[in-house]
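As stored in input-v7.cif (mmCIF, C-alpha atoms):
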```
data_input
#
loop_
_atom_site.group_PDB
_atom_site.id
_atom_site.type_symbol
_atom_site.label_atom_id
_atom_site.label_comp_id
_atom_site.auth_asym_id
_atom_site.auth_seq_id
_atom_site.Cartn_x
_atom_site.Cartn_y
_atom_site.Cartn_z
ATOM 1 C CA MET A 1 6.538 -17.521 21.520
ATOM 2 C CA ARG A 2 5.930 -20.097 18.807
ATOM 3 C CA THR A 3 3.338 -19.748 16.067
ATOM 4 C CA PHE A 4 1.472 -22.689 14.582
ATOM 5 C CA VAL A 5 -0.789 -22.811 11.537
ATOM 6 C CA ALA A 6 -2.736 -26.008 10.878
ATOM 7 C CA GLY A 7 -0.431 -27.930 13.186
ATOM 8 C CA GLN A 8 2.799 -26.715 11.554
ATOM 9 C CA GLU A 9 5.190 -24.301 13.204
ATOM 10 C CA ALA A 10 5.839 -21.120 11.246
ATOM 11 C CA HIS A 11 9.388 -19.771 11.434
ATOM 12 C CA GLY A 12 9.011 -16.143 10.388
ATOM 13 C CA ASP A 13 6.496 -13.879 8.717
ATOM 14 C CA THR A 14 6.870 -15.303 5.223
ATOM 15 C CA GLU A 15 6.405 -18.876 6.350
ATOM 16 C CA PHE A 16 3.380 -17.848 8.431
ATOM 17 C CA ALA A 17 1.784 -16.220 5.372
ATOM 18 C CA GLU A 18 2.551 -19.262 3.229
ATOM 19 C CA LEU A 19 1.000 -21.648 5.752
ATOM 20 C CA ALA A 20 -2.002 -19.444 6.519
ATOM 21 C CA LEU A 21 -2.849 -18.517 2.934
ATOM 22 C CA GLY A 22 -1.550 -21.555 1.098
ATOM 23 C CA ILE A 23 0.439 -19.287 -1.227
ATOM 24 C CA ASP A 24 4.095 -20.016 -2.055
ATOM 25 C CA VAL A 25 5.626 -16.543 -1.966
ATOM 26 C CA ASP A 26 8.688 -17.492 -4.049
ATOM 27 C CA LEU A 27 6.461 -18.929 -6.779
ATOM 28 C CA PHE A 28 4.714 -15.610 -7.363
ATOM 29 C CA ARG A 29 7.400 -13.121 -6.299
ATOM 30 C CA GLY A 30 10.438 -15.055 -7.465
ATOM 31 C CA PRO A 31 13.293 -16.441 -5.406
ATOM 32 C CA LEU A 32 15.876 -14.232 -3.739
ATOM 33 C CA GLU A 33 18.716 -16.116 -5.401
ATOM 34 C CA PHE A 34 19.585 -16.312 -9.105
ATOM 35 C CA GLU A 35 17.315 -18.247 -11.434
ATOM 36 C CA THR A 36 17.950 -19.042 -15.082
ATOM 37 C CA ASP A 37 15.683 -17.774 -17.838
ATOM 38 C CA GLY A 38 14.235 -21.279 -18.205
ATOM 39 C CA GLU A 39 13.547 -21.579 -14.477
ATOM 40 C CA ARG A 40 11.939 -18.140 -14.448
ATOM 41 C CA ALA A 41 9.727 -18.993 -17.431
ATOM 42 C CA ALA A 42 8.608 -22.277 -15.835
ATOM 43 C CA ARG A 43 7.924 -20.564 -12.485
ATOM 44 C CA GLN A 44 5.938 -17.778 -14.145
ATOM 45 C CA ASP A 45 3.910 -20.283 -16.211
ATOM 46 C CA ALA A 46 3.013 -22.210 -13.055
ATOM 47 C CA ALA A 47 2.149 -18.986 -11.219
ATOM 48 C CA ARG A 48 -0.121 -17.867 -14.093
ATOM 49 C CA ASP A 49 -1.928 -21.230 -14.060
ATOM 50 C CA ILE A 50 -2.447 -21.152 -10.296
ATOM 51 C CA LEU A 51 -3.572 -17.511 -10.398
ATOM 52 C CA ALA A 52 -6.076 -18.360 -13.144
ATOM 53 C CA ASP A 53 -7.441 -21.201 -10.982
ATOM 54 C CA LEU A 54 -7.745 -18.868 -7.984
ATOM 55 C CA ARG A 55 -9.570 -16.279 -10.077
ATOM 56 C CA ALA A 56 -11.920 -18.951 -11.428
ATOM 57 C CA GLY A 57 -12.644 -20.064 -7.867
ATOM 58 C CA ALA A 58 -13.321 -16.466 -6.879
ATOM 59 C CA ALA A 59 -15.696 -16.016 -9.818
ATOM 60 C CA ALA A 60 -17.522 -19.167 -8.687
ATOM 61 C CA GLY A 61 -18.095 -17.615 -5.264
ATOM 62 C CA ASP A 62 -15.098 -18.836 -3.238
ATOM 63 C CA GLU A 63 -14.206 -15.790 -1.160
ATOM 64 C CA ILE A 64 -10.952 -17.306 0.145
ATOM 65 C CA ALA A 65 -9.769 -17.985 -3.423
ATOM 66 C CA GLY A 66 -10.562 -14.365 -4.237
ATOM 67 C CA TRP A 67 -8.409 -13.042 -1.410
ATOM 68 C CA ASP A 68 -5.636 -15.505 -2.288
ATOM 69 C CA ALA A 69 -5.795 -14.344 -5.913
ATOM 70 C CA LEU A 70 -5.413 -10.714 -4.847
ATOM 71 C CA TYR A 71 -2.397 -11.553 -2.656
ATOM 72 C CA ALA A 72 -0.757 -13.739 -5.319
ATOM 73 C CA ASP A 73 -1.355 -11.101 -7.996
ATOM 74 C CA ALA A 74 0.239 -8.433 -5.811
ATOM 75 C CA LEU A 75 3.271 -10.676 -5.271
ATOM 76 C CA THR A 76 3.797 -10.963 -9.026
ATOM 77 C CA ARG A 77 4.408 -7.216 -9.162
ATOM 78 C CA THR A 78 7.080 -7.149 -6.457
ATOM 79 C CA VAL A 79 10.824 -7.547 -6.845
ATOM 80 C CA PRO A 80 12.853 -8.683 -3.858
ATOM 81 C CA PHE A 81 15.240 -5.934 -2.793
ATOM 82 C CA LEU A 82 18.290 -8.198 -2.854
ATOM 83 C CA ARG A 83 17.567 -9.351 -6.410
ATOM 84 C CA SER A 84 16.952 -5.822 -7.708
ATOM 85 C CA ALA A 85 20.091 -4.511 -5.992
ATOM 86 C CA ARG A 86 22.289 -6.936 -7.953
ATOM 87 C CA VAL A 87 21.095 -5.504 -11.266
ATOM 88 C CA PHE A 88 22.780 -2.148 -10.624
ATOM 89 C CA ARG A 89 26.447 -1.366 -10.066
ATOM 90 C CA SER A 90 27.037 -0.417 -6.491
ATOM 91 C CA GLY A 91 26.679 3.324 -5.932
ATOM 92 C CA THR A 92 26.293 4.297 -9.601
ATOM 93 C CA GLY A 93 22.601 3.624 -10.239
ATOM 94 C CA GLU A 94 23.598 2.284 -13.622
ATOM 95 C CA ALA A 95 22.639 -1.145 -14.909
ATOM 96 C CA ALA A 96 25.426 -3.686 -14.701
#
```
Hey, can you dump this file as structure tokens for me?
Amino acid sequence: MRTFVAGQEAHGDTEFAELALGIDVDLFRGPLEFETDGERAARQDAARDILADLRAGAAAGDEIAGWDALYADALTRTVPFLRSARVFRSGTGEAA
């Protein structure tokens, strides 16, 4: 079965959420692969700006922006498992 959102086919749960909500998961959560400190700072700055816009829209009465803001805010507090697993030495629980 194929899933379409606004005329675009979604390939997987993450892409479905991105198309349905208009939220770029990697922007708020961070990518699964390595990013430099500069890339991370730029991504987080952009995410803060977009989150502020969503919150302003919610305060102005836009219910969809409010729900999007809640979802985006929750994503900022998650760490992809693969990225967090690389921080520790395998099997020791100690930071690398």
Find the distance between CA of Leu75 in chain A and CA of Ala60 in chain A and write it in Å to one decimal.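 Spanning CA of Leu75 in chain A to CA of Ala60 in chain A is a straight-line distance of 22.7 Å.
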If we count all atoms listed in the file, what is near Ala69 in chain A at a cut-off of 7 Å, once residues fewer than 2 positions away on the same chain are taken out, given as a count of residues only? 9
Can you list, as a PyMOL selection string, every protein, DNA or RNA residue that comes within 12 Å of Phe4 in chain A when you count all atoms listed in the file, leaving out same-chain residues fewer than 6 positions away? chain A and resi 10-13+15-20
Give me, as a PyMOL selection string, all polymer residues having an atom no more than 10 Å from Ile50 in chain A, counting only C-alpha atoms and skipping those fewer than 6 positions away in the same chain. chain A and resi 23+27-28+44+56+69+72
CA of Gly30 in chain A to CA of Thr14 in chain A, straight-line distance in Å: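 CA of Thr14 in chain A sits 13.2 Å away from CA of Gly30 in chain A.
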Tell me which residues the PyMOL selection byres ((chain A and resi 43) around 12) grabs here, as a list in words.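 Matching residues under the PyMOL selection byres ((chain A and resi 43) around 12) are Asp24, Val25, Asp26, Leu27, Phe28, Arg29, Gly30, Pro31, Glu35, Thr36, Asp37, Gly38, Glu39, Arg40, Ala41, Ala42, Gln44, Asp45, Ala46, Ala47, Arg48, Asp49, Ile50 and Thr76 of chain A.
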Please save C-alpha atoms of the selected residues as a PDB file, in the frame of the given file.
```pdb
ATOM      1  CA  ASP A  24       4.095 -20.016  -2.055  1.00  0.00           C
ATOM      2  CA  VAL A  25       5.626 -16.543  -1.966  1.00  0.00           C
ATOM      3  CA  ASP A  26       8.688 -17.492  -4.049  1.00  0.00           C
ATOM      4  CA  LEU A  27       6.461 -18.929  -6.779  1.00  0.00           C
ATOM      5  CA  PHE A  28       4.714 -15.610  -7.363  1.00  0.00           C
ATOM      6  CA  ARG A  29       7.400 -13.121  -6.299  1.00  0.00           C
ATOM      7  CA  GLY A  30      10.438 -15.055  -7.465  1.00  0.00           C
ATOM      8  CA  PRO A  31      13.293 -16.441  -5.406  1.00  0.00           C
ATOM      9  CA  GLU A  35      17.315 -18.247 -11.434  1.00  0.00           C
ATOM     10  CA  THR A  36      17.950 -19.042 -15.082  1.00  0.00           C
ATOM     11  CA  ASP A  37      15.683 -17.774 -17.838  1.00  0.00           C
ATOM     12  CA  GLY A  38      14.235 -21.279 -18.205  1.00  0.00           C
ATOM     13  CA  GLU A  39      13.547 -21.579 -14.477  1.00  0.00           C
ATOM     14  CA  ARG A  40      11.939 -18.140 -14.448  1.00  0.00           C
ATOM     15  CA  ALA A  41       9.727 -18.993 -17.431  1.00  0.00           C
ATOM     16  CA  ALA A  42       8.608 -22.277 -15.835  1.00  0.00           C
ATOM     17  CA  GLN A  44       5.938 -17.778 -14.145  1.00  0.00           C
ATOM     18  CA  ASP A  45       3.910 -20.283 -16.211  1.00  0.00           C
ATOM     19  CA  ALA A  46       3.013 -22.210 -13.055  1.00  0.00           C
ATOM     20  CA  ALA A  47       2.149 -18.986 -11.219  1.00  0.00           C
ATOM     21  CA  ARG A  48      -0.121 -17.867 -14.093  1.00  0.00           C
ATOM     22  CA  ASP A  49      -1.928 -21.230 -14.060  1.00  0.00           C
ATOM     23  CA  ILE A  50      -2.447 -21.152 -10.296  1.00  0.00           C
ATOM     24  CA  THR A  76       3.797 -10.963  -9.026  1.00  0.00           C
TER      25      THR A  76
END
```
Two-atom distance - CA of Gln8 in chain A, CA of Phe34 in chain A (Å):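 CA of Phe34 in chain A lies at a distance of 28.6 Å from CA of Gln8 in chain A.
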For the structure just given, write the atoms of range 31-88 of chain A, namely C-alpha atoms, as a JSON list (two decimals), in the first residue's frame.
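Now in out_6.json:
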```json
[["chain", "number", "residue", "atom", "x", "y", "z"],
["A", 31, "PRO", "CA", 20.84, 14.29, 11.55],
["A", 32, "LEU", "CA", 21.78, 10.67, 12.15],
["A", 33, "GLU", "CA", 25.22, 11.20, 10.65],
["A", 34, "PHE", "CA", 28.07, 13.37, 11.95],
["A", 35, "GLU", "CA", 27.74, 17.14, 11.81],
["A", 36, "THR", "CA", 30.42, 19.68, 12.62],
["A", 37, "ASP", "CA", 30.04, 22.17, 15.45],
["A", 38, "GLY", "CA", 29.40, 24.92, 12.89],
["A", 39, "GLU", "CA", 26.73, 22.88, 11.11],
["A", 40, "ARG", "CA", 25.08, 22.05, 14.42],
["A", 41, "ALA", "CA", 25.07, 25.70, 15.50],
["A", 42, "ALA", "CA", 23.55, 26.82, 12.18],
["A", 43, "ARG", "CA", 20.91, 24.05, 12.31],
["A", 44, "GLN", "CA", 19.99, 24.90, 15.90],
["A", 45, "ASP", "CA", 19.76, 28.63, 15.10],
["A", 46, "ALA", "CA", 17.40, 27.90, 12.21],
["A", 47, "ALA", "CA", 15.34, 25.52, 14.37],
["A", 48, "ARG", "CA", 15.04, 28.17, 17.12],
["A", 49, "ASP", "CA", 13.86, 30.77, 14.58],
["A", 50, "ILE", "CA", 11.27, 28.43, 13.07],
["A", 51, "LEU", "CA", 10.08, 27.32, 16.52],
["A", 52, "ALA", "CA", 9.69, 30.97, 17.56],
["A", 53, "ASP", "CA", 7.61, 31.61, 14.42],
["A", 54, "LEU", "CA", 5.42, 28.58, 15.17],
["A", 55, "ARG", "CA", 4.90, 29.73, 18.75],
["A", 56, "ALA", "CA", 4.01, 33.23, 17.55],
["A", 57, "GLY", "CA", 1.48, 31.73, 15.14],
["A", 58, "ALA", "CA", 0.03, 29.65, 17.97],
["A", 59, "ALA", "CA", -0.26, 32.73, 20.19],
["A", 60, "ALA", "CA", -2.11, 34.48, 17.35],
["A", 61, "GLY", "CA", -4.68, 31.68, 17.28],
["A", 62, "ASP", "CA", -3.29, 29.27, 14.66],
["A", 63, "GLU", "CA", -4.04, 25.88, 16.18],
["A", 64, "ILE", "CA", -2.00, 23.97, 13.57],
["A", 65, "ALA", "CA", 1.08, 26.11, 14.33],
["A", 66, "GLY", "CA", 0.56, 25.32, 18.00],
["A", 67, "TRP", "CA", 0.57, 21.58, 17.42],
["A", 68, "ASP", "CA", 3.56, 21.89, 15.07],
["A", 69, "ALA", "CA", 5.40, 23.89, 17.74],
["A", 70, "LEU", "CA", 4.76, 21.18, 20.32],
["A", 71, "TYR", "CA", 6.04, 18.46, 17.96],
["A", 72, "ALA", "CA", 9.11, 20.48, 16.90],
["A", 73, "ASP", "CA", 9.91, 21.34, 20.52],
["A", 74, "ALA", "CA", 9.70, 17.68, 21.51],
["A", 75, "LEU", "CA", 12.07, 16.77, 18.66],
["A", 76, "THR", "CA", 14.68, 19.20, 19.98],
["A", 77, "ARG", "CA", 14.91, 17.13, 23.16],
["A", 78, "THR", "CA", 15.52, 13.81, 21.42],
["A", 79, "VAL", "CA", 18.83, 12.25, 20.44],
["A", 80, "PRO", "CA", 18.88, 9.67, 17.67],
["A", 81, "PHE", "CA", 19.95, 6.30, 19.06],
["A", 82, "LEU", "CA", 22.68, 5.81, 16.46],
["A", 83, "ARG", "CA", 24.24, 9.20, 17.22],
["A", 84, "SER", "CA", 24.15, 8.69, 20.99],
["A", 85, "ALA", "CA", 25.60, 5.18, 20.68],
["A", 86, "ARG", "CA", 28.74, 6.53, 18.98],
["A", 87, "VAL", "CA", 29.54, 8.75, 21.96],
["A", 88, "PHE", "CA", 30.23, 5.75, 24.22]]
```
